[in-house]
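A.B. asks: Data file upload_24.txt (compact mmCIF, C-alpha atoms) is appended below.
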# COMPACT_ATOMS: atom_id res chain seq x y z
CA MET A 991 17.00 53.36 -75.85
CA SER A 992 14.61 50.46 -76.29
CA GLN A 993 11.00 51.23 -77.03
CA PHE A 994 9.85 48.15 -75.16
CA PRO A 995 9.53 48.19 -71.37
CA SER A 996 11.86 45.85 -69.63
CA PRO A 997 10.08 42.91 -67.98
CA SER A 998 9.62 43.43 -64.26
CA ASN A 999 11.16 40.85 -61.94
CA PRO A 1000 8.43 38.92 -60.02
CA SER A 1001 8.65 39.38 -56.28
CA PRO A 1002 9.75 36.17 -54.51
CA SER A 1003 6.84 34.33 -52.94
CA ALA A 1004 6.90 33.38 -49.28
CA PRO A 1005 8.20 29.83 -48.62
CA ALA A 1006 5.46 27.26 -48.57
CA GLY A 1007 4.32 26.39 -45.08
CA SER A 1008 5.79 29.49 -43.45
CA GLY A 1009 2.29 30.57 -42.39
CA GLN A 1010 1.77 27.29 -40.62
CA LEU A 1011 5.09 27.66 -38.80
CA VAL A 1012 4.04 31.11 -37.59
CA ILE A 1013 0.74 29.71 -36.28
CA ILE A 1014 2.51 26.83 -34.53
CA GLY A 1015 4.94 29.27 -32.97
CA LEU A 1016 2.09 31.43 -31.69
CA VAL A 1017 0.32 28.37 -30.20
CA ILE A 1018 3.52 27.29 -28.42
CA ALA A 1019 3.99 30.81 -27.07
CA ILE A 1020 0.40 30.93 -25.80
CA VAL A 1021 0.77 27.54 -24.08
CA ALA A 1022 4.02 28.69 -22.47
CA VAL A 1023 2.31 31.83 -21.15
CA ILE A 1024 -0.59 29.77 -19.74
CA LEU A 1025 1.77 27.33 -18.00
CA MET A 1026 3.78 30.22 -16.57
CA ASN A 1027 0.59 31.84 -15.25
CA VAL A 1028 -0.46 28.55 -13.61
CA TYR A 1029 2.98 28.25 -12.02
CA VAL A 1030 2.84 31.85 -10.76
CA GLU A 1031 -0.66 31.28 -9.34
CA MET A 1032 0.57 28.17 -7.51
CA ARG A 1033 3.50 30.13 -6.07
CA VAL A 1034 1.22 32.96 -4.95
CA ALA A 1035 -1.26 30.50 -3.44
CA ALA A 1036 1.57 28.64 -1.74
CA GLU A 1037 2.60 31.83 0.04
CA LYS A 1038 -0.94 32.30 1.40
CA GLU A 1039 -1.64 28.81 2.80
CA ASP A 1040 0.03 25.68 4.12
CA THR A 1041 1.83 23.63 1.51
CA VAL A 1042 2.78 20.04 0.74
CA THR A 1043 6.21 19.36 -0.75
CA TYR A 1044 6.70 17.11 -3.77
CA PHE A 1045 9.71 16.64 -6.03
CA ARG A 1046 10.53 16.94 -9.72
CA PHE A 1047 13.61 15.97 -11.70
CA ALA A 1048 16.24 18.66 -12.21
CA ASP A 1049 17.45 17.10 -15.46
CA ASP A 1050 16.80 14.27 -17.91
CA MET A 1051 17.68 10.79 -16.65
CA LYS A 1052 17.85 7.36 -18.26
CA ALA A 1053 16.19 4.10 -17.25
CA GLY A 1054 18.39 2.35 -14.68
CA ASP A 1055 19.92 5.57 -13.34
CA GLU A 1056 20.03 5.86 -9.56
CA ILE A 1057 17.95 8.65 -8.05
CA GLU A 1058 19.95 10.95 -5.76
CA ILE A 1059 18.81 13.99 -3.82
CA ASN A 1060 20.83 16.26 -6.14
CA ASP A 1061 18.73 15.01 -9.06
CA LEU A 1062 15.55 16.47 -7.52
CA ASP A 1063 14.06 19.91 -7.04
CA ARG A 1064 11.44 20.64 -4.37
CA VAL A 1065 7.96 21.76 -5.42
CA ASP A 1066 5.74 23.35 -2.76
CA VAL A 1067 2.07 22.79 -3.58
CA PRO A 1068 -0.83 24.44 -1.70
CA LYS A 1069 -2.77 21.89 0.34
CA SER A 1070 -5.91 22.88 -1.52
CA LEU A 1071 -4.32 21.46 -4.71
CA GLN A 1072 -2.83 18.34 -3.11
CA ASN A 1073 -5.55 15.98 -4.36
CA ALA A 1074 -4.73 16.91 -7.95
CA PHE A 1075 -1.43 15.02 -7.56
CA GLY A 1076 -3.19 11.77 -6.53
CA THR A 1077 -1.43 9.11 -4.48
CA ASN A 1078 1.36 8.35 -6.97
CA ALA A 1079 3.39 11.54 -6.46
CA VAL A 1080 6.10 11.15 -3.81
CA PRO A 1081 5.73 13.65 -0.93
CA GLU A 1082 8.38 14.92 1.46
CA ASP A 1083 9.37 12.65 4.34
CA PRO A 1084 8.06 14.40 7.49
CA GLN A 1085 10.90 12.80 9.46
CA SER A 1086 13.56 14.10 7.02
CA PRO A 1087 12.55 17.53 5.67
CA GLY A 1088 13.92 18.22 2.21
CA ARG A 1089 14.04 14.54 1.26
CA PRO A 1090 11.41 12.37 -0.49
CA LEU A 1091 9.41 9.84 1.50
CA ASP A 1092 10.72 7.12 -0.81
CA GLY A 1093 12.74 6.74 -4.02
CA GLU A 1094 16.14 8.13 -3.05
CA PHE A 1095 18.91 5.72 -4.14
CA SER A 1096 16.37 3.66 -6.14
CA ASN A 1097 16.83 2.92 -9.84
CA LEU A 1098 14.47 4.32 -12.43
CA ASN A 1099 12.16 1.92 -14.28
CA GLU A 1100 12.03 4.30 -17.25
CA ALA A 1101 13.60 7.45 -18.63
CA VAL A 1102 12.42 10.81 -17.29
CA VAL A 1103 12.68 14.38 -18.56
CA LYS A 1104 13.58 17.57 -16.74
CA GLY A 1105 10.63 18.88 -14.73
CA GLN A 1106 8.84 15.52 -14.52
CA MET A 1107 7.32 14.72 -11.11
CA LEU A 1108 8.86 11.99 -8.96
CA THR A 1109 6.24 9.24 -8.63
CA PHE A 1110 6.25 5.85 -6.94
CA SER A 1111 5.60 4.06 -10.25
CA LEU A 1112 8.92 5.36 -11.64
CA PHE A 1113 10.96 3.19 -9.28
CA ARG A 1114 8.57 0.60 -7.80
CA SER A 1115 7.06 -2.41 -9.54
CA ALA A 1116 3.27 -2.70 -9.70
CA SER A 1117 3.34 -5.48 -7.10
CA ALA A 1118 5.72 -3.69 -4.73
CA SER A 1119 4.49 -2.58 -1.35
CA ALA A 1120 3.63 1.09 -0.91
CA PRO A 1121 5.66 2.97 1.72
CA ARG A 1122 4.15 3.41 5.16
CA ASP A 1123 2.49 6.81 5.02
CA PRO A 1124 2.81 8.66 8.38
CA ALA A 1125 -0.97 9.11 8.37
CA TYR A 1126 -1.37 5.32 8.61
CA ARG A 1127 1.05 4.61 11.45
CA GLY A 1128 -0.55 2.47 14.13
CA LEU A 1129 -2.91 0.70 11.71
CA ASP A 1130 -2.83 -3.01 10.89
CA GLU A 1131 -2.10 -4.38 7.43
CA ILE A 1132 -4.73 -7.02 6.55
CA THR A 1133 -4.57 -9.26 3.47
CA LEU A 1134 -7.92 -10.20 1.90
CA ASN A 1135 -8.98 -12.46 -0.94
CA ILE A 1136 -10.45 -10.53 -3.88
CA ASP A 1137 -12.47 -11.66 -6.87
CA SER A 1138 -10.22 -11.44 -9.94
CA LYS A 1139 -13.24 -11.28 -12.27
CA LYS A 1140 -14.87 -8.39 -10.43
CA GLN A 1141 -12.12 -5.89 -9.75
CA THR A 1142 -10.71 -2.76 -11.33
CA PRO A 1143 -7.72 -3.85 -13.49
CA ASN A 1144 -4.17 -2.64 -12.94
CA LEU A 1145 -4.48 -1.79 -9.25
CA ARG A 1146 -1.36 -0.31 -7.66
CA PRO A 1147 -0.10 0.15 -4.10
CA GLY A 1148 -1.27 3.57 -2.95
CA ASP A 1149 -4.66 3.32 -4.68
CA PHE A 1150 -7.88 3.82 -2.69
CA VAL A 1151 -10.60 1.19 -3.07
CA ASP A 1152 -14.09 0.24 -1.93
CA LEU A 1153 -14.78 -3.30 -0.66
CA ARG A 1154 -18.08 -5.06 -1.33
CA ALA A 1155 -19.25 -8.66 -0.94
CA GLU A 1156 -22.25 -11.01 -1.04
CA VAL A 1157 -23.31 -11.10 2.62
CA PRO A 1158 -25.45 -14.09 3.77
CA LEU A 1159 -28.91 -12.96 4.82
CA ASN A 1160 -31.48 -15.57 5.89
CA ARG A 1161 -31.43 -18.11 3.07
CA ASP A 1162 -30.15 -15.67 0.48
CA THR A 1163 -27.32 -13.14 0.07
CA ARG A 1164 -27.20 -9.38 -0.30
CA PHE A 1165 -24.47 -7.50 -2.19
CA MET A 1166 -23.31 -4.89 0.33
CA THR A 1167 -20.58 -2.32 0.87
CA ILE A 1168 -18.12 -3.50 3.54
CA MET A 1169 -15.62 -0.61 3.62
CA GLU A 1170 -15.06 2.57 1.61
CA TYR A 1171 -11.98 4.51 0.62
CA VAL A 1172 -9.34 2.21 2.13
CA ARG A 1173 -5.75 2.44 0.98
CA VAL A 1174 -3.95 -0.39 -0.82
CA VAL A 1175 -0.66 -1.42 0.78
CA ASN A 1176 0.28 -4.40 -1.36
CA LEU A 1177 -1.04 -6.77 -4.02
CA GLY A 1178 -0.85 -10.56 -4.24
CA ASP A 1179 -0.05 -12.74 -7.23
CA ARG A 1180 -1.22 -11.62 -10.64
CA ILE A 1181 -3.94 -13.73 -12.24
CA GLN A 1182 -4.05 -14.15 -15.99
CA ASP A 1183 -7.50 -14.12 -17.58
CA SER A 1184 -8.04 -16.39 -20.55
CA GLY A 1185 -7.36 -14.60 -23.80
CA THR A 1186 -5.18 -11.87 -22.24
CA SER A 1187 -1.47 -11.60 -21.58
CA LEU A 1188 0.25 -10.54 -18.38
CA GLY A 1189 1.05 -6.85 -18.41
CA LYS A 1190 -2.34 -5.83 -19.80
CA ASN A 1191 -5.33 -5.42 -17.51
CA ASN A 1192 -3.49 -7.04 -14.61
CA LYS A 1193 -5.70 -8.51 -11.89
CA TYR A 1194 -4.78 -9.98 -8.54
CA GLY A 1195 -5.93 -12.71 -6.16
CA SER A 1196 -5.42 -10.78 -2.95
CA ILE A 1197 -4.98 -7.29 -1.61
CA THR A 1198 -3.46 -5.82 1.57
CA ILE A 1199 -5.08 -2.74 3.10
CA TYR A 1200 -4.71 -0.53 6.18
CA VAL A 1201 -7.27 -1.23 8.93
CA GLU A 1202 -7.85 0.05 12.46
CA PRO A 1203 -6.56 -2.69 14.84
CA ALA A 1204 -9.96 -2.98 16.54
CA LEU A 1205 -11.50 -3.93 13.19
CA SER A 1206 -8.90 -6.44 11.98
CA ASN A 1207 -10.48 -9.60 13.41
CA LYS A 1208 -13.97 -8.48 12.43
CA LEU A 1209 -12.89 -7.97 8.83
CA LEU A 1210 -11.25 -11.41 8.72
CA ASP A 1211 -14.43 -12.92 10.21
CA ILE A 1212 -16.48 -11.21 7.51
CA GLN A 1213 -14.20 -12.71 4.86
CA LYS A 1214 -14.86 -16.22 6.18
CA ARG A 1215 -18.62 -15.76 5.90
CA VAL A 1216 -19.19 -13.88 2.64
CA SER A 1217 -19.82 -15.77 -0.61
CA GLY A 1218 -16.65 -17.32 -1.96
CA GLN A 1219 -14.72 -15.81 0.94
CA THR A 1220 -13.74 -13.03 -1.45
CA PHE A 1221 -14.38 -9.30 -1.81
CA ASN A 1222 -15.24 -7.21 -4.83
CA VAL A 1223 -12.78 -4.32 -5.19
CA THR A 1224 -13.37 -1.05 -7.02
CA ARG A 1225 -10.79 1.72 -7.35
CA ARG A 1226 -11.82 5.12 -6.02
CA ASP A 1227 -10.85 8.51 -7.42
CA PRO A 1228 -8.37 9.82 -4.79
CA GLN A 1229 -10.13 13.18 -4.94
CA SER A 1230 -13.50 11.59 -4.14
CA LYS A 1231 -13.16 11.01 -0.41
CA GLU A 1232 -16.80 11.50 0.53
CA PRO A 1233 -18.45 8.25 1.70
CA ARG A 1234 -21.24 6.96 -0.50
CA VAL A 1235 -22.82 4.48 1.90
CA LEU A 1236 -20.96 4.69 5.21
CA LYS A 1237 -20.71 7.58 7.67
CA THR A 1238 -17.05 8.46 7.24
CA GLY A 1239 -15.33 5.70 5.27
CA GLY A 1240 -11.60 5.04 5.47
CA SER A 1241 -9.63 2.50 7.50
CA LYS A 1242 -11.60 3.02 10.71
CA GLU A 1243 -15.12 2.03 9.64
CA ILE A 1244 -16.87 -1.19 8.64
CA ASN A 1245 -20.49 -1.05 7.53
CA GLU A 1246 -22.54 -1.35 10.75
CA LYS A 1247 -25.38 -3.10 8.92
CA VAL A 1248 -22.99 -5.86 7.84
CA LEU A 1249 -21.70 -6.25 11.40
CA GLU A 1250 -25.25 -6.45 12.65
CA ILE A 1251 -26.30 -9.09 10.11
CA LEU A 1252 -23.28 -11.24 10.98
CA ASN A 1253 -23.53 -10.58 14.75
CA LEU A 1254 -20.08 -9.02 14.89
CA GLN A 1255 -20.86 -5.75 16.70
Can you turn what I pasted into structure tokens?

C.D. replies:
Amino acid sequence: MSQFPSPSNPSPSAPAGSGQLVIIGLVIAIVAVILMNVYVEMRVAAEKEDTVTYFRFADDMKAGDEIEINDLDRVDVPKSLQNAFGTNAVPEDPQSPGRPLDGEFSNLNEAVVKGQMLTFSLFRSASASAPRDPAYRGLDEITLNIDSKKQTPNLRPGDFVDLRAEVPLNRDTRFMTIMEYVRVVNLGDRIQDSGTSLGKNNKYGSITIYVEPALSNKLLDIQKRVSGQTFNVTRRDPQSKEPRVLKTGGSKEINEKVLEILNLQ
């Protein structure tokens, strides 16, 4: 029997980076739990109040694929959360329950993944006209000249905007709000600024909006008399509906002070 102790075998060390993998796994699990809780809260809230129906993709799809009703799952969202989806998400067609307002049989502009929301930008070009929302039936569509140097870049149909202009007053002009929170229907030709390329910070020479029929001629008269016969356009946050200058805003109100100055009451 040997008088010397046999050398003990060193215990194998844990693989390098295994601790990091455990942490990453825990983070993913926590995120999954949070998302599930949000989804459950939305379902519970949906059962307690009126809902708005949107759509999400049931599976991954490639750019160029045609969108069919079987490719979509319905998502019922409480009306109190509707503004969080903005104006780009495609709602249910009130005339055809269970089907999207637009997009069916259209081709995708880009690839999508399972669970992704159906949005207008996935199948419509930036210059394409937005669909006629049922809330805007009976309103006129008016095309106005807009200042390409003083507008929010990359406007899209469905956006909400404020209109301002230099209104003639005595021998001077005053920069005034004309309308607030009006919806964009269509956009005119893109204008390329010097030093930029098309596709980045796109700007346009005209814009089409929804307007109450009784205001259509007044708005066109205003355009003829403001400086440059153009309007300044600023995009509004779709969740920020409260008027900042006018009484109610929207497609049914023109600033009364402007009408008074131009004798268009």

A.B. asks: Counting only C-alpha atoms, which residues of region 1127-1195 of chain A sit at most 9 Å from some atom of region 1076-1090 of chain A, and what is each one's closest atom pair with its distance in Å to one decimal, listed by chain and rising residue number, as a tab-separated table?

C.D. replies:
residue	atom	partner	partner_atom	distance
A:Pro1147	CA	A:Asn1078	CA	8.8
A:Gly1148	CA	A:Thr1077	CA	5.7
A:Asp1149	CA	A:Thr1077	CA	6.6
A:Phe1150	CA	A:Thr1077	CA	8.5

A.B. asks: How many Å separate CA of Leu1098 (chain A) from CA of Val1175 (chain A)?

C.D. replies: 20.9 Å

A.B. asks: Using all atoms listed in the file, can you list as an NGL selection string the residues within 9 Å of (-7.0, -13.3, -1.4)?

C.D. replies: :A and (1133-1137 or 1178 or 1194-1198 or 1219-1221)

A.B. asks: CA of Arg1234 (chain A) to CA of Gly1128 (chain A): how many Å, to one decimal?

C.D. replies: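 Distance reported for this atom pair: 25.7 Å.
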
A.B. asks: List every protein, DNA or RNA residue that has an atom no more than 12 Å from (-13.5, -11.9, 6.1) in the file's coordinate frame, counting all atoms listed in the file, and report them as a VMD selection string.

C.D. replies: chain A and resid 1132 to 1136 1153 to 1157 1168 to 1169 1205 to 1221 1244 1248 to 1249 1252 1254

A.B. asks: Counting all atoms listed in the file, which residue out of A:Val1103, A:Val1172, A:Met1166, A:Leu1145 sits closest to Lys1193 (chain A)?

C.D. replies: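 The answer is A:Leu1145, which sits nearest to Lys1193 (chain A).
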
A.B. asks: Measuring between only C-alpha atoms, which one of A:Tyr1171, A:Lys1104, A:Arg1226, A:Leu1177 shows the shortest distance to Gly1240 (chain A)?

C.D. replies: A:Tyr1171

A.B. asks: My list of candidates is A:Thr1167, A:Asp1055, A:Val1151, A:Asn1027. Which is closest to Phe1113 (chain A) when distances are computed with only C-alpha atoms?

C.D. replies: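 Nearest candidate to Phe1113 (chain A) out of A:Thr1167, A:Asp1055, A:Val1151, A:Asn1027: A:Asp1055.
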
A.B. asks: If you measure from CA of Asn1144 (chain A) to CA of Phe1110 (chain A), what distance in Å do you get, rounded to one decimal?

C.D. replies: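 Between CA of Asn1144 (chain A) and CA of Phe1110 (chain A) the gap is 14.7 Å.
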
A.B. asks: What's the 9 Å shell around Asp1040 (chain A), counting only C-alpha atoms, without same-chain residues fewer than 6 positions away, as a PyMOL selection string?

C.D. replies: chain A and resi 1067-1070

A.B. asks: Using only C-alpha atoms, find the one residue out of A:Ile1024, A:Ile1013, A:Val1223, A:Met1051 that sits nearest to Lys1139 (chain A).

C.D. replies: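 That would be A:Val1223, the residue with the smallest distance to Lys1139 (chain A).
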
A.B. asks: With only C-alpha atoms as the atoms that count, which of A:Phe1045, A:Lys1052, A:Ile1181, A:Glu1170 lies nearest to Thr1238 (chain A)?

C.D. replies: A:Glu1170

A.B. asks: Extract, using all atoms listed in the file, all DNA, RNA and protein residues at most 10 Å from Ile1251 (chain A), discarding same-chain residues fewer than 6 positions from it, and format them as a VMD selection string.

C.D. replies: chain A and resid 1157 to 1160

A.B. asks: Convert the current residue selection to file output with C-alpha atoms, as a compact mmCIF listing (two decimals), in the coordinates of the input.

C.D. replies:
# COMPACT_ATOMS: atom_id res chain seq x y z
CA VAL A 1157 -23.31 -11.10 2.62
CA PRO A 1158 -25.45 -14.09 3.77
CA LEU A 1159 -28.91 -12.96 4.82
CA ASN A 1160 -31.48 -15.57 5.89

A.B. asks: Quick one: of A:Asp1152, A:Asp1179, A:Glu1056, A:Asp1227, who's nearest to Leu1112 (chain A), counting all atoms listed in the file?

C.D. replies: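 Selected residue with least distance to Leu1112 (chain A): A:Glu1056.
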